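Data first, discussion second: the structure below is written as C-alpha cells.
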Amino acid sequence: MKKKVMIAMSGGVDSSVAGLLLKEAGYDCTGAMLQLFACEDPALKGCMKDIGEDDARAAKRVADALGFPFILLNCAKEFKESVMSYFANTYIAGGTPNPCVECNRTVKFGFLMEYALSHGCDALSTGHYARIKRSPEGRMLLLRAKDLSKDQSYVLWQLSQDVLAHILLPLGELTKADVRELANASGLPTAHRSESQDICFIPDGDYAAFIERYTKKSFPEGDFIDTEGNVLGKHKGSIRYTVGQRKGLGIALGHPAYVISKNAVSNTVTLGVNEDLFCDTLTAHNVRLIATDRIDAPLRVEAKIRYSATPAPATVEQTSPDTFTLHFDSPQRAITSGQSAVLYDGDTVIGGGIID
C-alpha cells in the first residue's frame, strides 16, 4: 500500500517541488494550505486577503498539475493565539522573537501535523531545507541542508522526536538551483514565483505599527540612556527598537550610536557604541534537545544566535532541564533576548533554547 503524505503547500516553488518529488516517488499525496489570517482582522488592515488568495490559487494549480487533491485549512485562531500574540508579547516584554520558530512548533508541525495524522496520513512534508535521519540507536536527528545558504534547520530546533519521526523533507539534499531547475523542467506553475523575505503577517516590516494595531495599545515615550544610566534623550516607545539597531533612532550624539539593550519595566533603551554590543556568554531557557536527552558535561559546539548568523565555536553547559549557558570562544555581536540559540555538532542539530 502506498504511504500517504500530506504536503504543506505555501504557493511557492519549494513546497511545489516537494510535492513533485513525493508524487514521483510513489506517495499518495494530498496538498494542504493553511489559512493563517482572519482577513477581517483590523490588525492586518485587510492586506493579507489578496496575498493569501494568490498563494492559494498557485498551490491549487500545482496540486492539479501533479494530480493530487488540495485542501485549505483554516487555522487563523491557532496562528493568532500561538504566533502573533507570542510575537507581540515578546516585543512588549523587551525581546525580539523569531515567529517562524514558534509557527513551526505550534502550527505547521503542531496543528497541521495533528490534522494529517488524524486523517490517515503517515507523514507531513514541507519545503524546508533541512534533513532528518534516524541514528543507529533509533533516535531521530535533525541536520543542516546540503545547501547551507538555504539551510532552515535553525527554525526547526523545537521539534520533538515524535514529530520528527513523521516528517519528510525532500529538499534537504538539493540546492535552490536544483529546485528551480526541477520546477522549470516539470512546468510547475510556481517555477518563477519570487520568495518573500518578510514576516508573513507584517509584510511592510513595520513591527511597531502592527503591535499597536494588534494590542490596541499605545506605547509611551521613555528615556534613551547610556551604559552608565545617564539620560541622553527621549525614545518613541521601546517596541520601535531592537538590539544592534543603528538607523532610525532619532537622536544625534556626535558618533554612531547603537541599541545595546532595552528594559521594559523602566521603559528605557540603552545606547552605546559598536564595541558595547559584543559579549561572549549567554543564558537560554525553554531548552529542547534533539540529538540527546541531556548534556551531562561541558560540550564543545557551534552555535547560531540568529537565523542569518554564522555558527561560532562555543562550549555549552546545561544548567537545568530547561536552561543552558553558552560560552563563546570569541565575543559575539548583538546577542538578543527572544532569539533562538541553536547548537550544532557539525551538521547535526543538538538542540536549542530561547536567549534570556
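We label chains A, B, ... in the order they appear in the C-alpha cells, count residues from 1 in each chain, and number ligands from 1 in the order shown.
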
>> Just want the 12 Å neighbourhood of Leu66 (chain A), counted on only C-alpha atoms, with same-chain residues fewer than 4 positions away dropped. Output as a PyMOL selection string.
In response: chain A and resi 16-24+26-31+59-62+70+183+186-189

> Would you give me, as a ChimeraX atom specification, the residues in region 27-131 of chain A that DSSP reads as strand (DSSP E)?
Replying inline: /A:28-35,70-74,123-125,130-131

All heavy atoms of the current selection, written as a CSV table (one decimal), in the first residue's frame:
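Dumped to out_30.csv:
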```csv
chain,number,residue,atom,x,y,z
A,28,ASP,N,1.1,8.6,-2.0
A,28,ASP,CA,-0.3,9.0,-2.1
A,28,ASP,C,-0.3,10.4,-1.5
A,28,ASP,O,-0.4,10.5,-0.2
A,28,ASP,CB,-1.2,8.0,-1.4
A,28,ASP,CG,-2.7,8.4,-1.5
A,28,ASP,OD1,-3.0,9.5,-2.1
A,28,ASP,OD2,-3.5,7.7,-0.9
A,29,CYS,N,-0.4,11.4,-2.3
A,29,CYS,CA,-0.2,12.8,-1.8
A,29,CYS,C,-1.5,13.6,-1.7
A,29,CYS,O,-2.4,13.4,-2.5
A,29,CYS,CB,0.7,13.6,-2.7
A,29,CYS,SG,2.4,12.9,-2.9
A,30,THR,N,-1.6,14.4,-0.7
A,30,THR,CA,-2.6,15.5,-0.6
A,30,THR,C,-1.9,16.8,-0.2
A,30,THR,O,-1.1,16.8,0.7
A,30,THR,CB,-3.6,15.1,0.6
A,30,THR,OG1,-4.3,13.9,0.3
A,30,THR,CG2,-4.7,16.2,0.7
A,31,GLY,N,-2.3,17.8,-1.0
A,31,GLY,CA,-1.7,19.1,-0.7
A,31,GLY,C,-2.6,19.9,0.3
A,31,GLY,O,-3.9,19.7,0.2
A,32,ALA,N,-2.0,20.6,1.2
A,32,ALA,CA,-2.8,21.3,2.2
A,32,ALA,C,-2.2,22.7,2.4
A,32,ALA,O,-0.9,22.8,2.5
A,32,ALA,CB,-2.8,20.6,3.5
A,33,MET,N,-3.0,23.7,2.4
A,33,MET,CA,-2.5,25.0,2.7
A,33,MET,C,-3.2,25.6,3.9
A,33,MET,O,-4.4,25.4,4.1
A,33,MET,CB,-2.8,26.0,1.5
A,33,MET,CG,-2.2,27.4,1.7
A,33,MET,SD,-2.4,28.3,0.2
A,33,MET,CE,-1.4,29.7,0.6
A,34,LEU,N,-2.5,26.2,4.8
A,34,LEU,CA,-3.0,26.8,6.0
A,34,LEU,C,-3.5,28.2,5.8
A,34,LEU,O,-2.7,29.0,5.3
A,34,LEU,CB,-2.0,26.7,7.1
A,34,LEU,CG,-1.6,25.3,7.6
A,34,LEU,CD1,-0.4,25.4,8.5
A,34,LEU,CD2,-2.8,24.6,8.2
A,35,GLN,N,-4.7,28.5,6.1
A,35,GLN,CA,-5.2,29.9,6.0
A,35,GLN,C,-4.9,30.5,7.4
A,35,GLN,O,-5.6,30.2,8.4
A,35,GLN,CB,-6.7,29.9,5.8
A,35,GLN,CG,-7.3,31.3,5.7
A,35,GLN,CD,-8.8,31.3,5.4
A,35,GLN,OE1,-9.4,30.3,5.0
A,35,GLN,NE2,-9.4,32.5,5.6
A,70,PHE,N,-6.3,18.8,-3.1
A,70,PHE,CA,-5.8,20.0,-2.4
A,70,PHE,C,-6.9,20.5,-1.5
A,70,PHE,O,-8.0,20.6,-1.8
A,70,PHE,CB,-5.4,21.1,-3.4
A,70,PHE,CG,-5.1,22.4,-2.8
A,70,PHE,CD1,-3.8,22.6,-2.2
A,70,PHE,CD2,-6.0,23.5,-2.7
A,70,PHE,CE1,-3.4,23.9,-1.6
A,70,PHE,CE2,-5.6,24.7,-2.1
A,70,PHE,CZ,-4.3,24.9,-1.6
A,71,ILE,N,-6.5,20.8,-0.2
A,71,ILE,CA,-7.4,21.3,0.8
A,71,ILE,C,-6.9,22.6,1.4
A,71,ILE,O,-5.7,22.8,1.4
A,71,ILE,CB,-7.7,20.3,1.9
A,71,ILE,CG1,-6.5,19.9,2.6
A,71,ILE,CG2,-8.4,19.1,1.3
A,71,ILE,CD1,-6.7,19.0,3.8
A,72,LEU,N,-7.8,23.4,1.8
A,72,LEU,CA,-7.4,24.7,2.5
A,72,LEU,C,-8.0,24.6,3.9
A,72,LEU,O,-9.2,24.4,4.1
A,72,LEU,CB,-8.1,25.9,1.8
A,72,LEU,CG,-7.7,27.3,2.3
A,72,LEU,CD1,-6.2,27.5,2.1
A,72,LEU,CD2,-8.5,28.3,1.5
A,73,LEU,N,-7.1,24.7,4.9
A,73,LEU,CA,-7.4,24.5,6.3
A,73,LEU,C,-7.3,25.9,7.0
A,73,LEU,O,-6.3,26.5,7.0
A,73,LEU,CB,-6.5,23.5,7.0
A,73,LEU,CG,-6.5,22.1,6.4
A,73,LEU,CD1,-5.5,21.2,7.1
A,73,LEU,CD2,-7.9,21.5,6.6
A,74,ASN,N,-8.4,26.2,7.7
A,74,ASN,CA,-8.4,27.5,8.4
A,74,ASN,C,-7.8,27.3,9.8
A,74,ASN,O,-8.4,26.5,10.7
A,74,ASN,CB,-9.8,28.0,8.6
A,74,ASN,CG,-9.9,29.4,9.2
A,74,ASN,OD1,-9.1,29.8,10.0
A,74,ASN,ND2,-10.9,30.2,8.7
A,123,ALA,N,2.7,10.7,7.1
A,123,ALA,CA,3.7,11.8,7.3
A,123,ALA,C,3.2,13.1,6.8
A,123,ALA,O,2.3,13.2,6.1
A,123,ALA,CB,5.0,11.4,6.6
A,124,LEU,N,3.9,14.1,7.3
A,124,LEU,CA,3.7,15.5,6.8
A,124,LEU,C,5.0,15.9,6.1
A,124,LEU,O,6.1,15.7,6.6
A,124,LEU,CB,3.4,16.4,7.9
A,124,LEU,CG,3.3,17.9,7.6
A,124,LEU,CD1,2.1,18.2,6.7
A,124,LEU,CD2,3.3,18.8,8.9
A,125,SER,N,4.9,16.6,4.9
A,125,SER,CA,6.1,17.0,4.2
A,125,SER,C,6.0,18.6,4.0
A,125,SER,O,4.9,19.1,3.9
A,125,SER,CB,6.2,16.4,2.8
A,125,SER,OG,7.2,16.9,2.1
A,130,ALA,N,16.3,21.2,5.1
A,130,ALA,CA,17.0,20.6,6.2
A,130,ALA,C,16.8,19.1,6.0
A,130,ALA,O,16.2,18.6,5.0
A,130,ALA,CB,16.3,21.0,7.5
A,131,ARG,N,17.5,18.3,6.8
A,131,ARG,CA,17.5,16.8,6.6
A,131,ARG,C,17.1,16.2,7.9
A,131,ARG,O,17.4,16.7,9.0
A,131,ARG,CB,18.8,16.3,6.1
A,131,ARG,CG,19.2,16.8,4.7
A,131,ARG,CD,20.6,16.3,4.4
A,131,ARG,NE,21.6,17.1,5.1
A,131,ARG,CZ,22.9,16.7,5.3
A,131,ARG,NH1,23.3,15.5,4.7
A,131,ARG,NH2,23.8,17.4,5.9
```

> Which of these residues is nearest to Pro331 (chain A), using only C-alpha atoms: A:Gly254, A:Gly352, A:Gly248, A:Pro313?
Replying inline: A:Pro313

> Which residues come within 8 Å of His327 (chain A), counting only C-alpha atoms, excluding same-chain residues fewer than 6 positions away, as a PyMOL selection string?
Replying inline: chain A and resi 280-282+314-316

>> I'd like the contact shell of region 143-157 of chain A - 7 Å cut-off, only C-alpha atoms, skipping same-chain residues fewer than 3 positions apart - returned as a ChimeraX atom specification.
In response: /A:100-101,104,128-132,172-175,307,342,347-349,351-352

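Take the candidates A:Lys133, A:Lys304, A:Lys80, A:His285 and check each one against Ile354 (chain A) using only C-alpha atoms; the shortest distance goes to A:His285.
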
> What separation in Å, quoted to one decimal, exists between CA of Pro97 (chain A) and CA of Thr283 (chain A)?
Replying inline: 15.6 Å

> Hey, what does DSSP flag as alpha helix (DSSP H) within region 20-251 of chain A? Can you give it to me as a VMD selection string?
Replying inline: chain A and resid 20 to 24 48 to 66 76 to 79 85 to 92 99 to 103 112 to 118 161 to 164 176 to 186 207 to 215

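Of the residues listed (A:Ile92, A:Val243, A:Leu159, A:Ile290), A:Ile92 shows the shortest atom-to-atom separation from Tyr207 (chain A); distances use only C-alpha atoms.
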
>> Give me, as number ranges by chain, all polymer residues having an atom no more than 10 Å from Tyr86 (chain A), counting only C-alpha atoms and skipping those fewer than 4 positions away in the same chain.
In response: A: 79-82, 90-92, 97-99, 102-103

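Interatomic distance, CA of Leu141 (chain A) against CA of Pro170 (chain A): 15.3 Å.
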
> Within 8 Å of Thr242 (chain A), counting only C-alpha atoms, which residues qualify if same-chain residues fewer than 4 places away don't, as a PyMOL selection string?
Replying inline: chain A and resi 95-96+259+261-262

Dump C-alpha atoms for the selected residues as a PDB file, in the first residue's frame?
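Listed below is the output, part26.pdb:
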```pdb
ATOM      1  CA  GLY A  95      12.684  40.762  23.475  1.00  0.00           C
ATOM      2  CA  THR A  96      12.990  40.262  19.730  1.00  0.00           C
ATOM      3  CA  VAL A 259      20.823  49.978  20.800  1.00  0.00           C
ATOM      4  CA  SER A 261      19.633  46.744  25.479  1.00  0.00           C
ATOM      5  CA  LYS A 262      16.034  47.503  26.423  1.00  0.00           C
TER       6      LYS A 262
END
```

> Which residue out of A:Lys108, A:Arg134, A:Arg333, A:Lys3 has the minimum interatomic distance to Ala291 (chain A) when only C-alpha atoms are used?
Replying inline: A:Arg134

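Here CA of Cys279 (chain A) and CA of Ala303 (chain A) stand 13.9 Å from one another.
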
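Distance check against Ala297 (chain A) using only C-alpha atoms: of A:Asp223, A:Glu275, A:Glu317, A:Asp206, the minimum falls on A:Glu317.
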
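Counting only C-alpha atoms and comparing A:Lys217, A:Ala334, A:Lys234, A:Gly127, the residue that lies closest to Val179 (chain A) is A:Gly127.
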
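If you count only C-alpha atoms and ignore residues fewer than 4 places along the chain from Thr323 (chain A), what sits within 8 Å of it is Thr283, Ala284, His285, Asn286, Val287, Gln318, Thr319 and Gly353 of chain A.
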
Just to be explicit: take each residue in the selection above, keep N, CA, C and O atoms, and write the result as a CSV table (one decimal), in the first residue's frame.
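The resulting part06.csv:
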```csv
chain,number,residue,atom,x,y,z
A,283,THR,N,22.7,33.1,28.4
A,283,THR,CA,21.9,32.0,29.0
A,283,THR,C,20.7,31.9,28.2
A,283,THR,O,20.2,32.8,27.6
A,284,ALA,N,20.1,30.7,28.2
A,284,ALA,CA,18.9,30.4,27.5
A,284,ALA,C,17.9,29.6,28.3
A,284,ALA,O,18.3,28.8,29.2
A,285,HIS,N,16.6,29.7,27.9
A,285,HIS,CA,15.6,28.9,28.6
A,285,HIS,C,14.7,28.2,27.5
A,285,HIS,O,15.0,28.3,26.3
A,286,ASN,N,13.7,27.5,28.0
A,286,ASN,CA,12.8,26.8,27.0
A,286,ASN,C,13.7,25.8,26.2
A,286,ASN,O,13.4,25.7,25.0
A,287,VAL,N,14.6,25.2,26.8
A,287,VAL,CA,15.6,24.3,26.1
A,287,VAL,C,14.9,23.1,25.6
A,287,VAL,O,14.1,22.4,26.3
A,318,GLN,N,24.6,22.6,30.3
A,318,GLN,CA,23.2,22.6,30.7
A,318,GLN,C,23.1,22.7,32.2
A,318,GLN,O,23.6,22.0,33.0
A,319,THR,N,22.3,23.8,32.6
A,319,THR,CA,22.3,24.1,34.0
A,319,THR,C,21.0,23.6,34.7
A,319,THR,O,20.9,23.6,35.9
A,353,GLY,N,17.7,26.8,22.6
A,353,GLY,CA,16.9,27.5,23.6
A,353,GLY,C,16.7,28.9,23.2
A,353,GLY,O,17.2,29.4,22.3
```
